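Single-structure report; data block below.
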Amino acid sequence: MRGLIAALMLTTGSASAEISFHDLKGWAGENHGAALSAFRATCDLVPDIAHLCTLPAPDPRAFFEDNFRPVLIGTPPALFTAYYEPELAGSPTRTDRFAHPVYAMPPEGPPPIPRADMPAALEGRGLEIAWLDDPAEVFFLQVQGSGRVRLPDGKVIRLGYAGKNGLEYRSIGRELVRRGVFTVPQATAEAVKGWIRANPAEGTALMNHNPSFIFFRSLDLPPDTGPIGTMGRPVIPMRSIAVDPEHVPLGLPVWVERDGAAPGLFVAHDTGSAIKGPQRADIFMGSGPEAGAAASPVADGGRMIVLAPR
């Protein structure tokens, strides 16, 4: 256990402070039982806290208070965004409508080339898992890192992250803000998609502004489970967050106080290319269009507090 605590304190350095559970806004009213279930979904994967997986917990709130201590890492305000698992129309083969591919990982590994050069490098290799009808949706599928593709016969393919080309992620929403096309509140995922569709040539160039490229793999998952997170287990709507593992060890509970939303206890189950820093998290909202509509506008301040094991 000491190793996990040492790692947490090392990454945060002097910009960390232990606080009291009484200082957590809304702590007493939280559904600690649901949070405990989310914690136990992956705690066996973390040696320093694996023993807590089987510890009796008749009182879930007392379980967290007895076994953890709240640590404020970094300096608020935090930045909270949200992600989801989209469900998109697609085809297993190329058609006039479905002409934009989603690629599997090449057997030799990802080519370390930018997005703009990837179509020519992958063409004709038979790596297409599915074909979509909208290049903007292909791009944002890569941003989300997972998705569902509904085929014409009703079958659904579950897609999960398989790897990336290793180049740095650049936000195209931020680029449109820089150009003066949108203000920060206006630059939602749906607004950016709409701009790409309305400006096809410029939209392609905009997407190529982000050199990072994501490859996928087909997953055999029950339809009622979330996509696979970085820890190798399904993420849980409104309980899983993506964090920067350089600052927040995966598997730990994290208390989230988000401006304009109810506070809650989440678990660090996932990571993301754009999630960098101690006060940065991406909240998993769920699957499908309703979750997407809820996730798109989220860009909130607040603070996040890691529950470090005692």
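If you're wondering about the labels, chains in the structure tokens are A, B, ... by order shown, residues count from 1 in each chain, ligands from 1 in order shown.
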* Apply DSSP to the structure's backbone, then extract all residues of segment 21-258 of chain A labelled alpha helix (DSSP H) and return them as a VMD selection string. => chain A and resid 32 to 40 60 to 67 118 to 122 135 to 144 172 to 179 189 to 198 200 to 208
Save the residues we just selected, C-alpha atoms, as a JSON list (two decimals), in the first residue's frame?
[["chain", "number", "residue", "atom", "x", "y", "z"],
["A", 32, "HIS", "CA", -21.94, 5.32, -1.35],
["A", 33, "GLY", "CA", -23.25, 1.85, -2.14],
["A", 34, "ALA", "CA", -23.26, 2.52, -5.89],
["A", 35, "ALA", "CA", -19.78, 4.01, -5.64],
["A", 36, "LEU", "CA", -18.56, 0.96, -3.72],
["A", 37, "SER", "CA", -19.83, -1.33, -6.51],
["A", 38, "ALA", "CA", -17.92, 0.75, -9.07],
["A", 39, "PHE", "CA", -14.78, 0.63, -6.92],
["A", 40, "ARG", "CA", -14.99, -3.15, -6.52],
["A", 60, "PRO", "CA", -20.50, 1.78, 2.41],
["A", 61, "ARG", "CA", -19.93, 5.31, 3.66],
["A", 62, "ALA", "CA", -17.97, 4.02, 6.65],
["A", 63, "PHE", "CA", -16.01, 1.75, 4.28],
["A", 64, "PHE", "CA", -14.63, 4.74, 2.41],
["A", 65, "GLU", "CA", -14.05, 6.84, 5.52],
["A", 66, "ASP", "CA", -12.25, 4.02, 7.35],
["A", 67, "ASN", "CA", -10.02, 2.94, 4.48],
["A", 118, "MET", "CA", -2.87, 7.41, -42.78],
["A", 119, "PRO", "CA", -5.47, 6.68, -45.53],
["A", 120, "ALA", "CA", -2.80, 6.16, -48.18],
["A", 121, "ALA", "CA", -0.74, 3.98, -45.83],
["A", 122, "LEU", "CA", -3.68, 1.73, -44.89],
["A", 135, "PRO", "CA", -16.08, 11.39, -41.76],
["A", 136, "ALA", "CA", -16.85, 13.68, -38.81],
["A", 137, "GLU", "CA", -18.34, 10.71, -36.93],
["A", 138, "VAL", "CA", -15.26, 8.61, -37.71],
["A", 139, "PHE", "CA", -13.10, 11.39, -36.27],
["A", 140, "PHE", "CA", -15.17, 11.74, -33.09],
["A", 141, "LEU", "CA", -15.35, 7.97, -32.70],
["A", 142, "GLN", "CA", -11.57, 8.14, -32.39],
["A", 143, "VAL", "CA", -11.88, 10.95, -29.85],
["A", 144, "GLN", "CA", -14.29, 8.86, -27.75],
["A", 172, "ILE", "CA", -9.85, 20.76, -33.27],
["A", 173, "GLY", "CA", -12.49, 22.53, -31.18],
["A", 174, "ARG", "CA", -9.76, 24.63, -29.61],
["A", 175, "GLU", "CA", -8.39, 25.32, -33.09],
["A", 176, "LEU", "CA", -11.77, 26.66, -34.25],
["A", 177, "VAL", "CA", -11.88, 28.88, -31.17],
["A", 178, "ARG", "CA", -8.40, 30.16, -32.03],
["A", 179, "ARG", "CA", -9.61, 31.00, -35.53],
["A", 189, "ALA", "CA", -18.72, 18.32, -30.31],
["A", 190, "GLU", "CA", -22.01, 18.68, -32.20],
["A", 191, "ALA", "CA", -21.14, 22.22, -33.29],
["A", 192, "VAL", "CA", -17.73, 21.12, -34.54],
["A", 193, "LYS", "CA", -19.28, 18.19, -36.42],
["A", 194, "GLY", "CA", -21.77, 20.58, -38.03],
["A", 195, "TRP", "CA", -18.97, 22.90, -39.16],
["A", 196, "ILE", "CA", -17.06, 19.98, -40.70],
["A", 197, "ARG", "CA", -20.15, 18.84, -42.59],
["A", 198, "ALA", "CA", -20.87, 22.35, -43.85],
["A", 200, "PRO", "CA", -16.07, 19.47, -46.36],
["A", 201, "ALA", "CA", -12.66, 20.49, -47.73],
["A", 202, "GLU", "CA", -11.81, 22.77, -44.82],
["A", 203, "GLY", "CA", -13.26, 20.15, -42.48],
["A", 204, "THR", "CA", -10.83, 17.53, -43.72],
["A", 205, "ALA", "CA", -7.94, 19.93, -43.21],
["A", 206, "LEU", "CA", -9.25, 20.74, -39.72],
["A", 207, "MET", "CA", -9.40, 17.07, -38.75],
["A", 208, "ASN", "CA", -5.85, 16.63, -40.03]]
Would you write out, as a tab-separated table, a table of all residues in segment 266-290 of chain A that have an atom no more than 12 Å from an atom of segment 148-159 of chain A, listing for each the closest atom pair and the distance in Å to one decimal, considering only C-alpha atoms and ordering rows by chain and rising residue number?
residue	atom	partner	partner_atom	distance
A:Gly286	CA	A:Arg148	CA	11.9
A:Ser287	CA	A:Arg148	CA	8.5
A:Gly288	CA	A:Arg148	CA	8.4
A:Pro289	CA	A:Arg148	CA	11.2
Using C-alpha atoms, can you write the selected residues to a file as an mmCIF file, in the first residue's frame?
data_model
loop_
_atom_site.group_PDB
_atom_site.id
_atom_site.type_symbol
_atom_site.label_atom_id
_atom_site.label_comp_id
_atom_site.auth_asym_id
_atom_site.auth_seq_id
_atom_site.Cartn_x
_atom_site.Cartn_y
_atom_site.Cartn_z
ATOM 1 C CA GLY A 286 -23.169 6.244 -20.963
ATOM 2 C CA SER A 287 -24.031 4.938 -24.428
ATOM 3 C CA GLY A 288 -26.160 6.207 -27.290
ATOM 4 C CA PRO A 289 -27.504 9.573 -28.468
#
* **Counting only C-alpha atoms, the residue of A:Phe68, A:Tyr103, A:Phe266, A:Phe80 that sits nearest Pro309 of chain A** =>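 Comparing A:Phe68, A:Tyr103, A:Phe266, A:Phe80 against Pro309 of chain A, the winner is A:Phe68.
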* Quick one: pull the distance between atom CA of Gly260 of chain A and atom CA of Val181 of chain A, Å, one decimal. =>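 If I compute the distance from atom CA of Gly260 of chain A to atom CA of Val181 of chain A, I get 26.1 Å.
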Counting only C-alpha atoms, which residues in segment 191-293 of chain A sit no more than 7 Å from segment 110-116 of chain A? For each one, give the nearest pair of atoms and the distance in Å, sorted by chain then residue number, as a tab-separated table.
residue	atom	partner	partner_atom	distance
A:Asn208	CA	A:Ala116	CA	5.3
A:Pro211	CA	A:Pro114	CA	4.5
A:Ser212	CA	A:Arg115	CA	6.1
A:Phe213	CA	A:Arg115	CA	5.6
Pull C-alpha atoms from the residues just selected and write them as a PDB file, in the first residue's frame.
ATOM      1  CA  ASN A 208      -5.849  16.634 -40.031  1.00  0.00           C
ATOM      2  CA  PRO A 211      -2.159  14.202 -36.090  1.00  0.00           C
ATOM      3  CA  SER A 212      -3.187  11.543 -33.556  1.00  0.00           C
ATOM      4  CA  PHE A 213      -4.931   8.498 -35.053  1.00  0.00           C
TER       5      PHE A 213
END
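Reported to one decimal place, the separation of atom CA of Gly229 of chain A from atom CA of Pro56 of chain A is 26.5 Å.
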* Hey, which of A:Glu87, A:Asp270, A:Asp259, A:Asp133 ends up closest to Gly302 of chain A? Count only C-alpha atoms. ->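 Using only C-alpha atoms, Gly302 of chain A sits closest to A:Asp259.
Comparing the minimum interatomic distances between Arg217 of chain A and each of A:Pro106, A:Gly272, A:Gly277, A:Gly264, counting only C-alpha atoms, we find that A:Pro106 sits nearest.
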* **Backbone-only DSSP, strand (DSSP E) members of segment 34-227 of chain A, as number ranges by chain** => A: 68-73, 79-85, 87-91, 100-103, 128-132, 146-150, 156-164, 214-219
Preceding selection exported with C-alpha atoms as a compact mmCIF listing (two decimals), in the first residue's frame:
# COMPACT_ATOMS: atom_id res chain seq x y z
CA PHE A 68 -9.25 6.16 2.61
CA ARG A 69 -8.22 9.75 3.22
CA PRO A 70 -9.18 12.65 0.92
CA VAL A 71 -6.22 14.31 -0.82
CA LEU A 72 -6.62 17.47 -2.88
CA ILE A 73 -4.08 17.24 -5.67
CA LEU A 79 -11.67 21.05 -15.84
CA PHE A 80 -14.34 18.41 -16.25
CA THR A 81 -15.43 17.25 -19.67
CA ALA A 82 -17.51 14.19 -20.57
CA TYR A 83 -17.43 11.32 -23.01
CA TYR A 84 -19.80 8.60 -24.14
CA GLU A 85 -20.08 5.52 -26.33
CA GLU A 87 -23.98 4.33 -31.63
CA LEU A 88 -23.54 4.96 -35.34
CA ALA A 89 -25.04 3.56 -38.53
CA GLY A 90 -22.55 1.60 -40.59
CA SER A 91 -21.80 -1.28 -42.88
CA HIS A 100 -15.47 6.10 -44.52
CA PRO A 101 -13.52 3.31 -42.80
CA VAL A 102 -12.80 2.46 -39.18
CA TYR A 103 -9.47 0.63 -39.03
CA GLU A 128 -11.38 -2.04 -42.24
CA ILE A 129 -13.63 -3.20 -39.38
CA ALA A 130 -16.64 -1.16 -40.51
CA TRP A 131 -17.57 1.71 -42.79
CA LEU A 132 -19.48 4.82 -41.68
CA SER A 146 -15.06 3.28 -28.34
CA GLY A 147 -18.45 2.92 -29.98
CA ARG A 148 -21.24 0.79 -31.35
CA VAL A 149 -21.87 0.41 -35.08
CA ARG A 150 -25.37 -0.72 -36.04
CA VAL A 156 -24.30 -4.26 -33.58
CA ILE A 157 -20.50 -4.27 -33.62
CA ARG A 158 -18.86 -3.09 -30.39
CA LEU A 159 -15.58 -1.29 -31.04
CA GLY A 160 -12.85 -0.74 -28.46
CA TYR A 161 -9.55 1.09 -28.41
CA ALA A 162 -6.67 -0.95 -29.85
CA GLY A 163 -3.84 1.61 -30.04
CA LYS A 164 -2.71 4.84 -31.64
CA ILE A 214 -6.78 5.71 -33.20
CA PHE A 215 -7.15 2.06 -34.18
CA PHE A 216 -9.96 -0.19 -32.98
CA ARG A 217 -10.75 -3.82 -32.24
CA SER A 218 -14.06 -5.69 -32.21
CA LEU A 219 -15.31 -6.61 -28.75
* Take atom CA of Asp282 of chain A and atom CA of Ala299 of chain A and report the distance between them in Å, one decimal. =>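 Spanning atom CA of Asp282 of chain A to atom CA of Ala299 of chain A is a straight-line distance of 9.5 Å.
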* Structure fact -> In terms of only C-alpha atoms, the residue from A:His269, A:Arg303, A:Arg94, A:His51 at minimal distance from Thr75 of chain A is A:Arg303
* Tell me which of A:Gly166, A:Pro297, A:Pro278, A:Gly145 sits closest to Pro77 of chain A, counting only C-alpha atoms. =>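 For Pro77 of chain A, the nearest of the candidates is A:Pro278.
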* **Residues near Leu45 of chain A, cut-off 8 Å, only C-alpha atoms, skip fewer than 3 positions along chain, as number ranges by chain** => A: 42, 50, 231, 251
